[in-house]
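Working notes, beginning with the structure itself.
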Amino acid sequence: MNYLERLQNRKSQKSKFAVALNQNSVALAPVWHVIVAGLGFIGVGYLFLTPNFANLGLAGLVLAALAALAAVAQLLIAVGLKKATPAARRAALLTNIFLIAFFSFMAFQIAKWIILFNLIGDAFYVAFSGLLVLLIGIAWWVVALRIRKRIVGEQLESDLSPLAIRNLKFLLVFKRIGQVIALIGALLWVIQFNPFTILALALSALFVPNPLAAAFVVLIGFSVLGMRLLLSENMSKHVKANQTEEEKLAGWLFVAPSLIGFMAFLAGPLLYSLVMSFFNWNGSSQMEFIGLDNYINTLGLQLSGSETDLNPGFKKIAEVFGLTVGALDPLFWKSMFNILIFLLTAVPLAVFPALILATLIEIRLPGSKIFRAIFFIPSVAGVIGVTLIWKQMLNSSVGFFNYAIQEIFLILNFVLPGDPLPTRVEIGWLSTEQWALAAVVVVFAWSQFGFNTVLFIAGLQSVSKELYEAAELDGANALQRFWNVTLPSLRPTTFFVTATTVILALQLFDVVFALNQPNVIGFPNNATLTPVVYLYQLGFQQGQFGKASAVAWVLFAVIFAFTLIQFNRQKKEAEAN
């Protein structure tokens, strides 16, 4: 029996540890959830014993109550597992998935492994040459194997011609060269990348300066074992699970990695930012619970007869019907006003030209496929790189836009009578308040309408040809067919395109960030300030993470409300039709 056969036989046999887990799963699974309940009660006690618990106020009480309820739920799950309740088994599986995500998040935060990402990025850059040599060696090796397979085919080596045998000997040398290159590349990569140092730093971060991270890693292992106990054959027999129940558990198991990643890296940080929005925190000092003050200071408005009548802390931001509008945070409302103007201009420019262009392409004129690919390029190009090109084109001194306007004025001076137009044009597209937001609108619309065009083309291809033929038989011209057939049929596509474009516009950051460099983001005079840019300034430039989180959740509420309204309208239109 060769090594591979022995290895396969070993894999087919269950280990003693797996057999022990299966035999004791009914007894151990409830014990694990009792331990989890105990950890929950310990967490509640720790909250009450924390010196700053009184400063948490209502938030501390709510957090303690949730932890106590979670602990009680674990006790109920343990009882349900003892009584062989299938629902308790499902709840226990979901609990372990959540625990793995929670413990992973806590270990990641306490060990501060985020710092290692910068080290890994720098090490990968240094080790790129070794990685390149390794890839060349592997490619060389694979090419040799494929050539050998093409020469040998289905024949035996004893049936090959002398020429083929000589070629195989040459290919063997060729393959060995590739293996040597791959080995040299691997050694060079290991030396340059130094993964052992990074691994040592990651392990040491579990214990220094706080060994609690290592404890959470151990708890992750116990949670994985808890899932293994719940999925054992003995536990299935204990709860008398049928085929449908096993398929449900298998489905949850398959989605568990994605669910854990979602909770650890998306839902977890979102919940953390929501909690942070009720605190005053600069990222390093002790968090101070302030309740809804961040939201009040962000959204606070006052109407008065004059600016002098405003309460202390309020600043005038506008006048409406003779009344003065004051705000506690004028910059936030400035960003909301800017994003409103941006929505009213950028969204139509990104949607309507895309619809017209898609209609023209769908006519199937010669070269339409080429134009479709060309117009889609902005959607796959890097936003930052493309924006930097636009920044150069919008330069007031040497930019293409001012040069083109200048050339047009020169031509018009030859044609039009009267005073000549200026021959030296230096419009400050990015440096004046009246043009800066317009420049952002142009760049955003240009980057989005190509993808929107492809979406509209897909929608047009789903429109029934019989509708166009019926309209043509009724004497409708091209414009009438477009208005009465195309547009009504494209309502679902138009809704999707408009909704996604609005959501992207509300989250605008990258274009403004790239266009404003090296000036302050929002330059000039906050003319391009948007909500995401503002929360970036609050959090990462001013250290007001609590208020930045509040602004983020206010923006989330706006996006959610818009999406909900749009979906309700779409649903009502669909029901009416």
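Chain lettering (A, B, ...) mirrors the order of the structure tokens, residue numbering begins at 1 for each chain separately, and ligand numbering begins at 1 in order of display.
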Go through segment 306-370 of chain A and flag each residue having an atom no more than 12 Å from segment 485-491 of chain A; for those, report the closest pair of atoms plus their distance in Å to one decimal, using only C-alpha atoms, ordered by chain and rising number, as a Markdown table.
| residue | atom | partner | partner_atom | distance |
| --- | --- | --- | --- | --- |
| A:Phe352 | CA | A:Leu487 | CA | 11.5 |
| A:Leu355 | CA | A:Leu487 | CA | 9.4 |
| A:Ile356 | CA | A:Leu487 | CA | 10.9 |
| A:Ala358 | CA | A:Thr486 | CA | 11.3 |
| A:Thr359 | CA | A:Thr486 | CA | 8.9 |
| A:Glu362 | CA | A:Thr486 | CA | 11.6 |
If we count only C-alpha atoms, what is near segment 328-345 of chain A at a cut-off of 10 Å, once residues fewer than 3 positions away on the same chain are taken out, given as a ChimeraX atom specification?
/A:296-302,311-318,348-350,437-438,440-442,444-445,501-508,522,526-535,551,555
Name the residues in contact with segment 57-73 of chain A at a cut-off of 6 Å, using only C-alpha atoms, excluding same-chain residues fewer than 6 positions from it; report them as a PDB file with all heavy atoms, in the first residue's frame.
ATOM      1  N   ALA A  37     -23.970  31.437  28.927  1.00  0.00           N
ATOM      2  CA  ALA A  37     -24.861  32.209  29.793  1.00  0.00           C
ATOM      3  C   ALA A  37     -24.089  32.790  30.972  1.00  0.00           C
ATOM      4  O   ALA A  37     -24.284  33.947  31.363  1.00  0.00           O
ATOM      5  CB  ALA A  37     -26.006  31.321  30.283  1.00  0.00           C
ATOM      6  N   GLY A  40     -22.259  35.748  29.903  1.00  0.00           N
ATOM      7  CA  GLY A  40     -23.159  36.887  29.775  1.00  0.00           C
ATOM      8  C   GLY A  40     -23.436  37.545  31.112  1.00  0.00           C
ATOM      9  O   GLY A  40     -23.408  38.780  31.230  1.00  0.00           O
ATOM     10  N   VAL A  44     -22.556  41.340  32.520  1.00  0.00           N
ATOM     11  CA  VAL A  44     -23.484  42.254  33.179  1.00  0.00           C
ATOM     12  C   VAL A  44     -22.883  42.766  34.493  1.00  0.00           C
ATOM     13  O   VAL A  44     -22.934  43.957  34.816  1.00  0.00           O
ATOM     14  CB  VAL A  44     -24.838  41.553  33.443  1.00  0.00           C
ATOM     15  CG1 VAL A  44     -25.755  42.453  34.268  1.00  0.00           C
ATOM     16  CG2 VAL A  44     -25.504  41.198  32.124  1.00  0.00           C
TER      17      VAL A  44
END
Which residue is closest to Val463 of chain A? Choose from A:Pro492, A:Gly43, A:Tyr403, A:Leu270 and count only C-alpha atoms.
A:Pro492
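Distance check against Ala548 of chain A using only C-alpha atoms: of A:Ile457, A:Val152, A:Val497, A:Leu274, the minimum falls on A:Leu274.
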Determine, counting only C-alpha atoms, which protein, DNA and RNA residues have an atom within 9 Å of an atom of Ala471 of chain A; residues of the same chain fewer than 3 positions away are not included. Present the result as JSON, numbers by chain.
{"A": [466, 467, 468, 474, 475, 476, 477, 480, 481, 484, 485]}
Residues within 10 Å of Val454 of chain A, please, as an mmCIF file with N, CA and C atoms, in the first residue's frame. Count only C-alpha atoms; anything in the same chain fewer than 4 positions from it doesn't count.
data_model
loop_
_atom_site.group_PDB
_atom_site.id
_atom_site.type_symbol
_atom_site.label_atom_id
_atom_site.label_comp_id
_atom_site.auth_asym_id
_atom_site.auth_seq_id
_atom_site.Cartn_x
_atom_site.Cartn_y
_atom_site.Cartn_z
ATOM 1 N N ALA A 354 -28.166 58.614 -20.526
ATOM 2 C CA ALA A 354 -27.983 57.163 -20.632
ATOM 3 C C ALA A 354 -29.168 56.518 -21.326
ATOM 4 N N LEU A 355 -30.381 56.973 -21.032
ATOM 5 C CA LEU A 355 -31.576 56.431 -21.683
ATOM 6 C C LEU A 355 -31.561 56.729 -23.181
ATOM 7 N N LEU A 357 -28.939 57.456 -25.065
ATOM 8 C CA LEU A 357 -27.833 56.736 -25.688
ATOM 9 C C LEU A 357 -28.161 55.258 -25.852
ATOM 10 N N ALA A 358 -28.792 54.652 -24.849
ATOM 11 C CA ALA A 358 -29.172 53.242 -24.951
ATOM 12 C C ALA A 358 -30.174 53.025 -26.081
ATOM 13 N N ILE A 361 -28.258 53.150 -29.348
ATOM 14 C CA ILE A 361 -27.435 51.956 -29.556
ATOM 15 C C ILE A 361 -28.305 50.763 -29.926
ATOM 16 N N ARG A 372 -20.879 50.932 -27.437
ATOM 17 C CA ARG A 372 -21.333 50.419 -26.148
ATOM 18 C C ARG A 372 -20.134 50.153 -25.235
ATOM 19 N N ALA A 373 -19.083 49.548 -25.791
ATOM 20 C CA ALA A 373 -17.888 49.275 -24.987
ATOM 21 C C ALA A 373 -17.185 50.567 -24.581
ATOM 22 N N PHE A 375 -18.490 53.598 -24.153
ATOM 23 C CA PHE A 375 -19.238 54.339 -23.136
ATOM 24 C C PHE A 375 -19.230 53.612 -21.781
ATOM 25 N N PHE A 376 -18.903 52.322 -21.778
ATOM 26 C CA PHE A 376 -18.859 51.585 -20.515
ATOM 27 C C PHE A 376 -17.513 51.736 -19.810
ATOM 28 N N PHE A 449 -22.930 57.505 -16.212
ATOM 29 C CA PHE A 449 -23.920 57.292 -17.264
ATOM 30 C C PHE A 449 -23.579 56.115 -18.168
ATOM 31 N N GLY A 450 -22.311 55.690 -18.224
ATOM 32 C CA GLY A 450 -21.953 54.528 -19.036
ATOM 33 C C GLY A 450 -22.560 53.248 -18.482
ATOM 34 N N ALA A 458 -30.083 46.620 -21.372
ATOM 35 C CA ALA A 458 -30.660 45.357 -20.908
ATOM 36 C C ALA A 458 -32.173 45.467 -20.764
ATOM 37 N N GLY A 459 -32.656 46.607 -20.281
ATOM 38 C CA GLY A 459 -34.095 46.804 -20.170
ATOM 39 C C GLY A 459 -34.776 46.879 -21.522
ATOM 40 N N LEU A 460 -34.141 47.535 -22.494
ATOM 41 C CA LEU A 460 -34.725 47.642 -23.836
ATOM 42 C C LEU A 460 -34.817 46.282 -24.521
#
Can you tell me which residues surround segment 174-191 of chain A at a distance of at most 6 Å, considering only C-alpha atoms, apart from same-chain residues fewer than 4 positions away, and format the answer as a ChimeraX atom specification?
/A:127,130-131,133-134,137-138,140-141,144
With all heavy atoms retained, write the just-selected residues as a short mmCIF file (atom, residue, chain, number, x, y, z; two decimals), in the first residue's frame.
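Output file part_15.cif follows:
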data_model
loop_
_atom_site.label_atom_id
_atom_site.label_comp_id
_atom_site.auth_asym_id
_atom_site.auth_seq_id
_atom_site.Cartn_x
_atom_site.Cartn_y
_atom_site.Cartn_z
N ALA A 127 8.27 42.39 -1.34
CA ALA A 127 8.45 41.02 -1.82
C ALA A 127 7.86 40.78 -3.20
O ALA A 127 7.73 39.62 -3.61
CB ALA A 127 7.83 40.04 -0.82
N GLY A 130 10.16 38.72 -5.63
CA GLY A 130 10.17 37.28 -5.34
C GLY A 130 8.89 36.60 -5.79
O GLY A 130 8.93 35.49 -6.33
N LEU A 131 7.76 37.26 -5.58
CA LEU A 131 6.48 36.69 -6.03
C LEU A 131 6.46 36.57 -7.54
O LEU A 131 5.93 35.59 -8.09
CB LEU A 131 5.33 37.58 -5.54
CG LEU A 131 3.92 37.14 -5.93
CD1 LEU A 131 3.60 35.79 -5.33
CD2 LEU A 131 2.90 38.18 -5.49
N VAL A 133 9.06 36.10 -9.57
CA VAL A 133 9.90 34.95 -9.93
C VAL A 133 9.16 33.64 -9.67
O VAL A 133 9.20 32.70 -10.47
CB VAL A 133 11.23 35.00 -9.15
CG1 VAL A 133 12.05 33.74 -9.41
CG2 VAL A 133 12.02 36.24 -9.54
N LEU A 134 8.45 33.56 -8.55
CA LEU A 134 7.68 32.36 -8.21
C LEU A 134 6.60 32.10 -9.26
O LEU A 134 6.43 30.95 -9.71
CB LEU A 134 7.04 32.55 -6.83
CG LEU A 134 6.08 31.44 -6.36
CD1 LEU A 134 6.81 30.11 -6.25
CD2 LEU A 134 5.44 31.82 -5.03
N GLY A 137 8.16 30.78 -12.45
CA GLY A 137 8.53 29.38 -12.32
C GLY A 137 7.32 28.46 -12.41
O GLY A 137 7.37 27.41 -13.06
N ILE A 138 6.21 28.84 -11.76
CA ILE A 138 5.00 28.01 -11.83
C ILE A 138 4.46 27.97 -13.24
O ILE A 138 4.04 26.90 -13.73
CB ILE A 138 3.96 28.57 -10.84
CG1 ILE A 138 4.44 28.38 -9.39
CG2 ILE A 138 2.61 27.88 -11.03
CD1 ILE A 138 3.55 29.02 -8.36
N TRP A 140 6.17 28.35 -16.01
CA TRP A 140 7.11 27.51 -16.77
C TRP A 140 6.79 26.03 -16.54
O TRP A 140 6.74 25.23 -17.46
CB TRP A 140 8.52 27.84 -16.29
CG TRP A 140 9.65 27.29 -17.12
CD1 TRP A 140 9.80 26.01 -17.53
CD2 TRP A 140 10.76 28.03 -17.62
NE1 TRP A 140 10.94 25.86 -18.25
CE2 TRP A 140 11.57 27.08 -18.34
CE3 TRP A 140 11.18 29.33 -17.55
CZ2 TRP A 140 12.76 27.46 -18.95
CZ3 TRP A 140 12.37 29.70 -18.17
CH2 TRP A 140 13.14 28.77 -18.86
N TRP A 141 6.58 25.66 -15.30
CA TRP A 141 6.28 24.28 -14.90
C TRP A 141 4.98 23.81 -15.55
O TRP A 141 4.90 22.71 -16.12
CB TRP A 141 6.19 24.25 -13.39
CG TRP A 141 6.09 22.89 -12.78
CD1 TRP A 141 5.99 21.68 -13.41
CD2 TRP A 141 6.07 22.62 -11.38
NE1 TRP A 141 5.90 20.67 -12.50
CE2 TRP A 141 5.96 21.21 -11.24
CE3 TRP A 141 6.14 23.40 -10.25
CZ2 TRP A 141 5.92 20.61 -10.00
CZ3 TRP A 141 6.10 22.80 -9.01
CH2 TRP A 141 5.99 21.41 -8.89
N ALA A 144 5.33 23.15 -19.28
CA ALA A 144 6.02 21.88 -19.54
C ALA A 144 5.06 20.70 -19.37
O ALA A 144 5.06 19.75 -20.19
CB ALA A 144 7.20 21.74 -18.59
#
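All residues in segment 133-302 of chain A with a DSSP state of strand (DSSP E), computed from the backbone, read Phe279, Asn280, Glu288, Phe289, Leu301 and Gln302 of chain A.
Counting only C-alpha atoms and comparing A:Gln537, A:Leu163, A:Phe193, A:Val351, the residue that lies closest to Ser129 of chain A is A:Phe193.
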